Amino acid sequence: MARRKKLAVWKFASCDGCQLSLLDCEDELLALAGEVEIAHFLEASSAVRGGPYDVSLVEGSITTPEDAERIQRVRRLSRRLVTIGACATAGGIQALRNFADVREFTSVVYATPDYISTLATSTPISSHVTVDFELHGCPVNKHQLLEVLSAFLNERRPAIPAYSVCVECKRRGNVCVMVAHGTPCLGPVTHAGCGALCPSYHRGCYGCFGPMESPNTVSLTREWLKLGADGRDTRRAFRTFHAAAEPFRAAGDSHG
Amino acid sequence: MAERRTIRTDFLARVEGEGAMRVVIRDRQVADIELRIYEPPRFFEAFLRGRSYLEAPDITARICGICPVAYQMSACHAMEDACGVTVDEPIRNLRRLLYCGEWIESHALHVFLLHAPDFLGYDGAPAMARDLPKVVEDGLALKKAGNEVMRVVGGREIHPINVRVGGFYRAPSRRELDALVEPLERAREIALETVRLTASLPMPELEFEHELLAVSSPGEYPIDQGRLASSGGLDFGPAEFQQHVVEEHVERSNALHATLDGGVYLTGPIARFNLAFDELSPLAREAAAEVGLAPPSRNPFRSIVIRSVEMVYACDEALRLLADYVEPERPYVDVPPRAGVGFGVTEAPRGALWHRYELADDGTILDAKIVPPTSQNQKAIEGDLYRFVERHVDLPDDELGLRCEQAIRNHDPCISCAAHFLEFRRTNR
Amino acid sequence: MKLLEQPALEGLLEALVERGFRLVGPTVADGAIVYDEIRSAADLPAGWTDEQDAGTYRLKRRDDDALFGYAVGPQSWKRLLHPPSVTLFRARRNGEAELEVLPEPEEEPRPVAFVGVRSCDLHAIAKLDRVFLGGRYVNPAYEARRGRVFVVAVNCGVAGGTCFCVSMGTGPRATFGYDVVLTELVEDGRRGYLADAGSERGAELLAGLAAREASAEEEAEGERIVERTAASMGRRLETAGLPELLARNRDHPRWDDVAERCLTCGNCTMVCPTCFCTTVEDVTDLTGVEAERRQVWDSCFTLDFSYLHGGGVRTTPKARYRQWLTHKLGTWHAQFGESGCVGCGRCITWCPARIDITEEAAALREDAR
Amino acid sequence: MAEPAVASPYLPEPFRIRRRRRETADTWTLELEPAAGGDVFAFEPGQFTMVYAFGAGEVPISISGDPGRRDRLVHTVRIAGATTRAICSLRRGGTLGIRGPYGTAWPVRRAEGGDLVIAAGGIGLAPLRPAIYAALARREAFDRVVLLYGSRSPDQLLYPGELERLRARSVDVHVTVDRADESWNGPVGVVTTLIERARFDPERATALVCGPEVMMRFTAAGLAAAGISTNRVFLSLERNMKCALGQCGRCQFGPVFVCGDGPVFPYAAVERLLTVPEL
Ligand SMILES: Cc1cc2nc3c(=O)[nH]c(=O)nc-3n(C[C@H](O)[C@H](O)[C@H](O)COP(=O)(O)OP(=O)(O)OC[C@H]3O[C@@H](n4cnc5c(N)ncnc54)[C@H](O)[C@@H]3O)c2cc1C
Ligand code: SF4
Ligand code: SF4
Ligand code: SF4
């Protein structure tokens, strides 16, 4: 039998949710553990085996000088490096710090600042090293995570489309909340992957999978304003979980 | 020359987030104990400022992927408190149901995948599954049942999307909820089995002395709302939290340490169990009695049994809520914004989670403060380590190190939570 | 022609259920009239109507309790005949040498009655038939689904705000493709249904119902209702010479204008009852032993749609919108001998950016070459 | 209601690789035979099949073998992405799924009685090879048979041994490369530059062109300028394709479906369309 491939899971600044998605694959977890050697996954096991690894899943963004170095090491040890989640692919919600106004935050000094070492920005993994595939989502969808894993293990292209949430929304048979309820929705500019969850719970998509392949944020913002949202609403909508992803960053900058 | 031993783990495994542990022993005396949190801070409280009060549940959920519901619930309560609104009974019940899902999921994760391997001598669940497949499969089935509840009520397992200030975006239909009954019944059976299993594990000896603090709500086991009560007789509302709990920033850590009226205290399953045992369901109490577990239970290693009892309770409670479910007429109540301060405290699987917000009249958040369970427990965890090492100083380094890690895991620390909050200061490097 | 009083309509549905049909028809859900499983006439949207315009849809109460007093909703029958996701086959491999292709087992063979199919949608179904049954290859899964359908059509009693079937010659009167067609008469709180058969089994079904012959007066009233609907179309589209006009105007400035508004979200293609394009997803299990090949709805608005190694063909939103509109109203003629649009207005209503195919076509015509 | 007994046209047949040969660094020629035994389906030059690699995908690949031989199905595949990589990495004995043949053919027979000009760029020679075989099988029916073949560099030439053999069988072979190396002493430049070198009678010639789309545009225009009627110049187009049955809608090129109306089109029919950007 072929050698079992080695899988590693790494964490940078994040909430742990994307790694947890792997443990949330209750039905597949043991099969996965049989199929690959889980060589480094601290959340699941204290057994740590050295690299190189066939596939590394990286969660979290780079926010400290130490992590900026650590990701270089991870890259060197990994044949394929896949980032999982908004933090790793776009800097995550903590990238809101990138927009903080210098005067504002220097006045917000905590008790003993010397203990903290942090960078001024939260940046995606791809700003530091080459990434083989980026899986979107805050958090990632566990079915997509499995799909990416089996695609990489079987050397095929992951079936992870980059079109809008609307495509999934309509396939699912939802009634559009934007058209039928007048609820502002980010679905038209947001990357598919969640299966159009929010609209199926009667709420507008809030963009947690980041920008789709060709987002027209200007046109969507115009529609939001027609539905009664104001500039602050649209600005916040773009500036949350993917604030630093370029199309959303630009949209957040230009309104409000 | 003095004999000096240092026992350290640079990367704590099987906990949520990134932390390290260091124990220094000099002349057979504990010289220093440190649970270091090096998880980089993410500054949530800083960037909550200026956001809308309606965004807090979604934003704070991202503090922790393991207990997002806890964050959402505490945030909702705090916002509703600030705006002077209380939700109707059906909405409240739906929240409690969702919360039960998170308890089951989080406890099952911790008991089976993170903690049990310590007791049984494995480095993790994948290894354990090779020898004890049934145990791991059962654990995963339990976990899945919890996740199912979150998926149906919350929309997804991690960072649910259906929660809003005032209630939910959409109330699940009777039909959707009915589908949960069977898996939960099965989960309850597994949970009962789990109580027996965990009670039979070899328990290291240890006893703690610190005070216990838990949410208290008359007539029910503390989960989703209430005041705070302590084993020392304290009883206060969420608004008075800061008069009793003080956080200080310690050098070695990216997290804050808290004290209760100046003393070390513990929150979490052990505290809940000891303070609210009588409110457990009869089935959960029986399960505890069957294995000889009753308050006072002061061995932190037994927390794994207590968590199992709480899983029995959470399944029981979820099934009760499902049976009584009436689809609310509206899935949420309107919560018009107003200027003011609001507080919310709920029981995350690993302990009390407190939120405080100050709002402007249009609902803009002016100030936010969050105290997660792990920073409250940090001193207690170090206290446990201290006493444990003191008693077992003769163990070889390896063994002592493993046991110390196990002692830390007793409290299911969530380091992502603990490190969420520091204010932001730029060091331009 | 028969006249079914209210209870007889119930009887018609019951008779279908007795014959083993599952019923799918309009019902109110999530703020819209959708097509879903119904158990009886009680599930139909009694007393509801809709207000539709570009990018908006709102349910409204009617002042009577008509069952069919609205236009088409967000879904179409495409969903059932050409489902959003279909497994083409599964495959199993044993090392490199053995490949087993496993055909999909037959889908649920229970026959289904489509209740309340409008004329535009009958035309849309006919267009799908041409794609999946009338070309070089027959799609047997589609054919099987199609063969299981009993159609209860309804002549439209009201026109929607975005309807333009009159321009497309596809309504509002159902002229073919049904087993039974109904016209709803509502007068003084009394409801009745003119019913006519379009097939033998339709006639057989009607014969078994407690219904009387319709009076000449009632038939005339039915005529007037359909004429009124035809006269109150929410939109119109000039179709004369359109395919040629579009072929000549592939560089019209209007394409840039609409591209600035278009979200490339694909909603228009998803709701269109005739848009049939798909992609395929290949997935394997973790062990790499089982594979599945799934055909799923796709859209000419996605980048992948025209992807060729070395760069997609239609990368700009302009090219993608142009492809869509030009196909619908122009090149469909060359491919299938007719227009690809049935004037149902769904793409107008359900476009979040309120883009209106009739308005775009008119603008293209305005300074056309 | 009974299911129609027709098998789904979406189902591939397993075919086994009986030989594989590396043509260039990234291109392989595979000889396949039905795994269940028996003959390969009949096909015409220019037609293609859908090749399914387990779990990876299914892609259109032209048949590059001799239409006169029913004992094997030959494909020449260049690695462009995951599916073609999976196809090319199977070893001898490995199994692929095949369905087809699909599409229109090169009108080789209609060219009889005159000259046949074949212009290929890169991998575009593969779909033209069956046309060459067909012409050779009735060599006497043609006057001149000319092959104009351009490749990026000498090491990317397909079927080099065979080119020599063609010369021996009175095919007028002209080869050019974009970039020469020390081994190369032939012409350097794009295929269009070969048109002038070739000798054919435009009044009675038929041209078959296949290669990258830009190459085809220029070559077809060049052949037309040399006097061959645009009705007698044929191109093989490429578009994204998932079904080859005219049902996925993806291969539309203006009014035509490449999978069924093509891939081989008379230049006259697509000349204008080829000038429209992003059609
Ligand atoms: C009629 C026809 C005949 C062809 N004949 C040959 C041949 O003989 N030899 C050869 O090497 N190649 C041929 N190709 C091109 C070949 O189909 C593509 O290289 C192949 O689809 C790339 O797939 P991939 O998954 O490896 O690459 P990726 O770049 O990963 O492509 C992803 C997907 O996009 C689609 N796609 C990408 N490029 C093309 C393309 N050029 N044409 C159609 N679909 C594409 C496919 O669905 C493919 O699976 C032909 C194409 C057509 C249309
Ligand atoms: S609800 Fe949102 S995601 Fe769904 S179709 Fe409408 S705009 Fe798109
Ligand atoms: S193009 Fe628009 S109006 Fe025409 S059939 Fe499709 S959805 Fe209906
Ligand atoms: S026309 Fe409207 S519905 Fe269609 S892709 Fe553009 S924005 Fe979306």
# chains A, B, ... in the order shown; residues from 1 in each chain; ligands from 1
$ residues_near_ligand --ligand "ligand 3" --cutoff "9 Å" --atoms "only C-alpha atoms and all ligand atoms" --output "ChimeraX atom specification"
/C:120-121,124,162-165,168,268-275,324-325,328-329,339-350,356-358
$ closest_atom_pairs --of "chain C" --to "ligand 1" --cutoff "12 Å" --atoms "only C-alpha atoms and all ligand atoms" --output "CSV"
residue,atom,partner,partner_atom_place_in_ligand_line,distance
C:Thr278,CA,ligand 1,47 (O),11.5
C:Thr279,CA,ligand 1,47 (O),8.5
C:Val280,CA,ligand 1,47 (O),8.3
C:Glu281,CA,ligand 1,49 (O),9.8
C:Asp282,CA,ligand 1,49 (O),9.7
C:Leu303,CA,ligand 1,34 (O),10.7
C:Asp304,CA,ligand 1,34 (O),7.3
C:Phe305,CA,ligand 1,34 (O),8.3
C:Ser306,CA,ligand 1,35 (C),8.0
C:Tyr307,CA,ligand 1,34 (O),5.5
C:Leu308,CA,ligand 1,38 (N),3.5
C:His309,CA,ligand 1,38 (N),3.8
C:Gly310,CA,ligand 1,29 (O),7.1
C:Gly311,CA,ligand 1,38 (N),8.4
C:Gly312,CA,ligand 1,37 (C),8.6
C:Val313,CA,ligand 1,38 (N),10.3
$ residues_near_ligand --ligand "ligand 2" --cutoff "8 Å" --atoms "only C-alpha atoms and all ligand atoms" --output "list of chain:residue names"
A:Ser164, A:Val165, A:Cys166, A:Val167, A:Glu168, A:Cys169, A:Lys170, A:Asn174, A:Val175, A:Cys176, A:Val177, A:Met178, A:Val179, A:Pro184, A:Cys185, A:Leu186, A:Gly187, A:Pro188, A:Ala196, A:Cys198, A:Pro199, A:Ser200, A:Arg203, A:Gly204, A:Cys205, C:Cys265, C:Asn267, C:Trp350, C:Pro352
$ select_by_dssp --residues "region 77-146 of chain C" --states "strand (DSSP E)" --output "JSON, numbers by chain"
{"C": [85, 86, 87, 88, 89, 90, 91, 92, 93, 94, 98, 99, 100, 101, 102, 103, 112, 113, 114, 115, 116, 117]}
$ atom_distance --atom1 "CA of Glu107 (chain C)" --atom2 "CA of Ile33 (chain C)"
26.4 Å
$ closest_residue --among "C:Ser215, C:Asn94, C:Gln295, C:Thr316" --to "Ala141 (chain C)" --atoms "only C-alpha atoms"
C:Gln295
$ select_by_dssp --residues "region 40-250 of chain D" --states "alpha helix (DSSP H)" --output "PyMOL selection string"
chain D and resi 82-89+125-137+160-168+192-197+213-225
$ closest_atom_pairs --of "chain D" --to "chain C" --cutoff "7 Å" --atoms "only C-alpha atoms" --output "JSON lines"
{"residue": "D:Glu3", "atom": "CA", "partner": "C:Ala144", "partner_atom": "CA", "distance": 6.0}
{"residue": "D:Pro4", "atom": "CA", "partner": "C:Pro140", "partner_atom": "CA", "distance": 6.9}
{"residue": "D:Val6", "atom": "CA", "partner": "C:Pro140", "partner_atom": "CA", "distance": 6.7}
{"residue": "D:Ser8", "atom": "CA", "partner": "C:Pro140", "partner_atom": "CA", "distance": 5.9}
{"residue": "D:Tyr10", "atom": "CA", "partner": "C:Leu88", "partner_atom": "CA", "distance": 6.7}
{"residue": "D:Leu11", "atom": "CA", "partner": "C:Phe89", "partner_atom": "CA", "distance": 6.9}
{"residue": "D:Pro14", "atom": "CA", "partner": "C:Leu99", "partner_atom": "CA", "distance": 6.3}
{"residue": "D:Phe54", "atom": "CA", "partner": "C:Ala291", "partner_atom": "CA", "distance": 6.9}
{"residue": "D:Gly55", "atom": "CA", "partner": "C:Ala291", "partner_atom": "CA", "distance": 5.0}
{"residue": "D:Ala56", "atom": "CA", "partner": "C:Asp282", "partner_atom": "CA", "distance": 6.2}
{"residue": "D:Gly57", "atom": "CA", "partner": "C:Asp282", "partner_atom": "CA", "distance": 5.9}
{"residue": "D:Ala80", "atom": "CA", "partner": "C:His309", "partner_atom": "CA", "distance": 6.4}
{"residue": "D:Gly93", "atom": "CA", "partner": "C:Ala97", "partner_atom": "CA", "distance": 5.6}
{"residue": "D:Gly94", "atom": "CA", "partner": "C:Ala97", "partner_atom": "CA", "distance": 4.3}
{"residue": "D:Thr95", "atom": "CA", "partner": "C:Ala97", "partner_atom": "CA", "distance": 5.2}
{"residue": "D:Arg239", "atom": "CA", "partner": "C:Leu308", "partner_atom": "CA", "distance": 6.7}
{"residue": "D:Asn240", "atom": "CA", "partner": "C:Ser306", "partner_atom": "CA", "distance": 5.6}
{"residue": "D:Lys242", "atom": "CA", "partner": "C:Thr279", "partner_atom": "CA", "distance": 6.5}
{"residue": "D:Leu245", "atom": "CA", "partner": "C:Tyr137", "partner_atom": "CA", "distance": 6.1}
{"residue": "D:Gln247", "atom": "CA", "partner": "C:Val131", "partner_atom": "CA", "distance": 6.4}
{"residue": "D:Cys248", "atom": "CA", "partner": "C:Cys277", "partner_atom": "CA", "distance": 4.8}
{"residue": "D:Gly249", "atom": "CA", "partner": "C:Cys277", "partner_atom": "CA", "distance": 4.8}
{"residue": "D:Arg250", "atom": "CA", "partner": "C:Phe305", "partner_atom": "CA", "distance": 6.2}
{"residue": "D:Gly254", "atom": "CA", "partner": "C:Thr331", "partner_atom": "CA", "distance": 6.5}
{"residue": "D:Pro255", "atom": "CA", "partner": "C:Thr331", "partner_atom": "CA", "distance": 4.7}
{"residue": "D:Val256", "atom": "CA", "partner": "C:Gln335", "partner_atom": "CA", "distance": 6.8}
{"residue": "D:Glu278", "atom": "CA", "partner": "C:Arg314", "partner_atom": "CA", "distance": 4.8}
{"residue": "D:Leu279", "atom": "CA", "partner": "C:Arg314", "partner_atom": "CA", "distance": 6.7}
$ write_last_selection --atoms "C-alpha atoms" --output "PDB file, in the first residue's frame"
ATOM      1  CA  GLU D   3     -38.412   3.980 -17.606  1.00  0.00           C
ATOM      2  CA  PRO D   4     -37.162   4.333 -21.150  1.00  0.00           C
ATOM      3  CA  VAL D   6     -32.076   3.977 -23.314  1.00  0.00           C
ATOM      4  CA  SER D   8     -27.734   7.576 -20.461  1.00  0.00           C
ATOM      5  CA  TYR D  10     -23.583  10.620 -19.966  1.00  0.00           C
ATOM      6  CA  LEU D  11     -22.145   7.222 -19.030  1.00  0.00           C
ATOM      7  CA  PRO D  14     -14.104   1.852 -19.450  1.00  0.00           C
ATOM      8  CA  PHE D  54     -11.611   8.747 -12.180  1.00  0.00           C
ATOM      9  CA  GLY D  55     -12.694  11.446  -9.743  1.00  0.00           C
ATOM     10  CA  ALA D  56     -10.690  14.145 -11.512  1.00  0.00           C
ATOM     11  CA  GLY D  57     -12.995  15.144 -14.335  1.00  0.00           C
ATOM     12  CA  ALA D  80      -3.101  21.587 -19.008  1.00  0.00           C
ATOM     13  CA  GLY D  93      -3.112  -1.043 -17.998  1.00  0.00           C
ATOM     14  CA  GLY D  94      -4.751   1.937 -16.351  1.00  0.00           C
ATOM     15  CA  THR D  95      -8.396   2.573 -17.126  1.00  0.00           C
ATOM     16  CA  ARG D 239     -14.722  26.029 -25.944  1.00  0.00           C
ATOM     17  CA  ASN D 240     -15.310  24.956 -22.363  1.00  0.00           C
ATOM     18  CA  LYS D 242     -18.865  19.559 -19.927  1.00  0.00           C
ATOM     19  CA  LEU D 245     -24.294  16.534 -25.911  1.00  0.00           C
ATOM     20  CA  GLN D 247     -27.089  20.113 -23.031  1.00  0.00           C
ATOM     21  CA  CYS D 248     -24.683  21.913 -20.704  1.00  0.00           C
ATOM     22  CA  GLY D 249     -24.753  25.092 -22.748  1.00  0.00           C
ATOM     23  CA  ARG D 250     -21.137  25.951 -22.125  1.00  0.00           C
ATOM     24  CA  GLY D 254     -22.485  32.881 -30.655  1.00  0.00           C
ATOM     25  CA  PRO D 255     -25.229  30.912 -32.352  1.00  0.00           C
ATOM     26  CA  VAL D 256     -23.407  27.582 -32.519  1.00  0.00           C
ATOM     27  CA  GLU D 278     -15.074  37.660 -25.459  1.00  0.00           C
ATOM     28  CA  LEU D 279     -17.852  36.046 -27.444  1.00  0.00           C
TER      29      LEU D 279
END
$ closest_residue --among "A:Pro158, A:Gly195, A:Gly207, A:Gly252" --to "chain D" --atoms "only C-alpha atoms"
A:Pro158
$ residues_around --residues "Ala86 (chain D)" --least-positions-apart "3" --cutoff "12 Å" --atoms "only C-alpha atoms" --output "PyMOL selection string"
(chain A and resi 154-157) or (chain C and resi 96) or (chain D and resi 28+51-59+77-83+89-91+94-96)
$ residues_around --residues "region 183-197 of chain D" --least-positions-apart "2" --cutoff "8 Å" --atoms "only C-alpha atoms" --output "PyMOL selection string"
chain D and resi 119-121+148-150+154+174-181+199+215+218-219+222-223+226
$ write_last_selection --atoms "N, CA and C atoms" --output "compact mmCIF listing (two decimals), in the first residue's frame"
# COMPACT_ATOMS: atom_id res chain seq x y z
N ALA D 119 -2.90 22.80 -41.80
CA ALA D 119 -2.08 23.72 -41.03
C ALA D 119 -2.32 23.48 -39.55
N ALA D 120 -1.24 23.17 -38.83
CA ALA D 120 -1.39 22.82 -37.43
C ALA D 120 -0.47 23.66 -36.57
N GLY D 121 -0.95 24.02 -35.38
CA GLY D 121 -0.11 24.72 -34.41
C GLY D 121 -0.10 23.92 -33.13
N LEU D 148 1.56 22.09 -43.00
CA LEU D 148 2.26 23.24 -42.44
C LEU D 148 2.15 23.09 -40.92
N TYR D 149 3.27 23.00 -40.26
CA TYR D 149 3.20 22.70 -38.85
C TYR D 149 4.12 23.63 -38.08
N GLY D 150 3.55 24.32 -37.10
CA GLY D 150 4.34 25.22 -36.27
C GLY D 150 4.31 24.78 -34.83
N PRO D 154 11.65 23.28 -30.98
CA PRO D 154 11.89 21.96 -31.60
C PRO D 154 11.53 20.80 -30.68
N HIS D 174 6.15 21.07 -44.14
CA HIS D 174 6.90 22.27 -43.74
C HIS D 174 6.74 22.47 -42.24
N VAL D 175 7.86 22.61 -41.57
CA VAL D 175 7.79 22.77 -40.12
C VAL D 175 8.51 24.03 -39.71
N THR D 176 7.91 24.78 -38.80
CA THR D 176 8.56 25.98 -38.29
C THR D 176 8.46 25.99 -36.77
N VAL D 177 9.38 26.70 -36.14
CA VAL D 177 9.30 26.84 -34.68
C VAL D 177 9.38 28.32 -34.34
N ASP D 178 8.79 28.66 -33.19
CA ASP D 178 8.85 30.06 -32.74
C ASP D 178 10.25 30.38 -32.24
N ARG D 179 10.79 29.41 -31.51
CA ARG D 179 12.11 29.62 -30.93
C ARG D 179 12.99 28.44 -31.31
N ALA D 180 14.08 28.71 -31.99
CA ALA D 180 14.95 27.63 -32.42
C ALA D 180 15.98 27.32 -31.34
N ASP D 181 16.56 26.15 -31.40
CA ASP D 181 17.74 25.87 -30.58
C ASP D 181 18.85 25.40 -31.52
N ARG D 199 3.33 25.07 -51.79
CA ARG D 199 2.77 25.19 -53.12
C ARG D 199 1.47 24.41 -53.19
N MET D 215 -3.71 31.63 -33.60
CA MET D 215 -3.02 31.02 -34.74
C MET D 215 -4.03 30.70 -35.85
N PHE D 218 -5.21 33.88 -37.74
CA PHE D 218 -4.24 34.41 -38.70
C PHE D 218 -4.02 33.46 -39.87
N THR D 219 -3.96 32.17 -39.55
CA THR D 219 -3.70 31.21 -40.61
C THR D 219 -4.87 31.16 -41.60
N GLY D 222 -4.76 34.10 -43.65
CA GLY D 222 -3.65 33.99 -44.60
C GLY D 222 -3.99 33.07 -45.76
N LEU D 223 -4.64 31.96 -45.45
CA LEU D 223 -5.01 31.01 -46.52
C LEU D 223 -6.05 31.64 -47.44
N ALA D 226 -4.39 33.91 -49.62
CA ALA D 226 -3.67 33.19 -50.66
C ALA D 226 -4.61 32.67 -51.73
$ residues_around --residues "region 130-136 of chain D" --least-positions-apart "3" --cutoff "6 Å" --atoms "only C-alpha atoms" --output "number ranges by chain"
D: 45, 64-66, 139
$ residues_around --residues "Gly160 (chain C)" --least-positions-apart "2" --cutoff "10 Å" --atoms "only C-alpha atoms" --output "MDAnalysis selection string"
chainID C and resid 49:53 69:73 156:158 162:164 229 232:235 344:346 349
$ write_last_selection --atoms "C-alpha atoms" --output "PDB file, in the first residue's frame"
ATOM      1  CA  THR C  49     -51.619  38.175  -4.861  1.00  0.00           C
ATOM      2  CA  ASP C  50     -48.224  39.620  -5.610  1.00  0.00           C
ATOM      3  CA  GLU C  51     -46.885  42.991  -6.583  1.00  0.00           C
ATOM      4  CA  GLN C  52     -43.873  42.714  -8.809  1.00  0.00           C
ATOM      5  CA  ASP C  53     -41.490  45.206 -10.296  1.00  0.00           C
ATOM      6  CA  GLY C  69     -54.968  35.460  -8.457  1.00  0.00           C
ATOM      7  CA  TYR C  70     -51.260  36.196  -8.887  1.00  0.00           C
ATOM      8  CA  ALA C  71     -48.481  35.849 -11.427  1.00  0.00           C
ATOM      9  CA  VAL C  72     -45.476  33.534 -11.385  1.00  0.00           C
ATOM     10  CA  GLY C  73     -43.148  33.395  -8.375  1.00  0.00           C
ATOM     11  CA  CYS C 156     -53.850  33.863 -16.082  1.00  0.00           C
ATOM     12  CA  GLY C 157     -56.454  36.056 -14.408  1.00  0.00           C
ATOM     13  CA  VAL C 158     -54.018  38.816 -13.556  1.00  0.00           C
ATOM     14  CA  THR C 162     -43.030  42.275 -14.915  1.00  0.00           C
ATOM     15  CA  CYS C 163     -44.960  39.994 -17.252  1.00  0.00           C
ATOM     16  CA  PHE C 164     -44.637  40.343 -21.022  1.00  0.00           C
ATOM     17  CA  THR C 229     -54.962  39.996 -18.487  1.00  0.00           C
ATOM     18  CA  SER C 232     -52.648  44.679 -18.639  1.00  0.00           C
ATOM     19  CA  MET C 233     -49.132  43.287 -19.147  1.00  0.00           C
ATOM     20  CA  GLY C 234     -46.622  44.973 -16.871  1.00  0.00           C
ATOM     21  CA  ARG C 235     -43.931  45.076 -19.557  1.00  0.00           C
ATOM     22  CA  CYS C 344     -42.476  35.460 -17.567  1.00  0.00           C
ATOM     23  CA  GLY C 345     -40.604  38.402 -16.062  1.00  0.00           C
ATOM     24  CA  ARG C 346     -38.823  36.401 -13.389  1.00  0.00           C
ATOM     25  CA  THR C 349     -38.324  40.726 -10.585  1.00  0.00           C
TER      26      THR C 349
END
$ residues_around --residues "Phe209 (chain A)" --least-positions-apart "4" --cutoff "6 Å" --atoms "only C-alpha atoms" --output "ChimeraX atom specification"
/A:136-137,191
$ write_last_selection --atoms "all heavy atoms" --output "PDB file, in the first residue's frame"
ATOM      1  N   HIS A 136     -12.363  29.568   1.784  1.00  0.00           N
ATOM      2  CA  HIS A 136     -12.985  30.715   2.429  1.00  0.00           C
ATOM      3  C   HIS A 136     -13.996  30.306   3.490  1.00  0.00           C
ATOM      4  O   HIS A 136     -14.482  29.191   3.502  1.00  0.00           O
ATOM      5  CB  HIS A 136     -13.706  31.563   1.374  1.00  0.00           C
ATOM      6  CG  HIS A 136     -12.770  32.224   0.421  1.00  0.00           C
ATOM      7  ND1 HIS A 136     -12.505  33.556   0.437  1.00  0.00           N
ATOM      8  CD2 HIS A 136     -12.000  31.701  -0.564  1.00  0.00           C
ATOM      9  CE1 HIS A 136     -11.630  33.853  -0.503  1.00  0.00           C
ATOM     10  NE2 HIS A 136     -11.314  32.736  -1.143  1.00  0.00           N
ATOM     11  N   GLY A 137     -14.339  31.283   4.317  1.00  0.00           N
ATOM     12  CA  GLY A 137     -15.423  31.075   5.272  1.00  0.00           C
ATOM     13  C   GLY A 137     -15.023  31.468   6.669  1.00  0.00           C
ATOM     14  O   GLY A 137     -13.888  31.300   7.073  1.00  0.00           O
ATOM     15  N   HIS A 191     -18.681  35.210  -1.831  1.00  0.00           N
ATOM     16  CA  HIS A 191     -18.205  33.909  -2.298  1.00  0.00           C
ATOM     17  C   HIS A 191     -19.130  32.793  -1.797  1.00  0.00           C
ATOM     18  O   HIS A 191     -19.453  32.739  -0.608  1.00  0.00           O
ATOM     19  CB  HIS A 191     -16.800  33.719  -1.714  1.00  0.00           C
ATOM     20  CG  HIS A 191     -15.981  32.665  -2.366  1.00  0.00           C
ATOM     21  ND1 HIS A 191     -16.279  31.334  -2.265  1.00  0.00           N
ATOM     22  CD2 HIS A 191     -14.848  32.746  -3.106  1.00  0.00           C
ATOM     23  CE1 HIS A 191     -15.364  30.641  -2.923  1.00  0.00           C
ATOM     24  NE2 HIS A 191     -14.488  31.467  -3.447  1.00  0.00           N
TER      25      HIS A 191
END
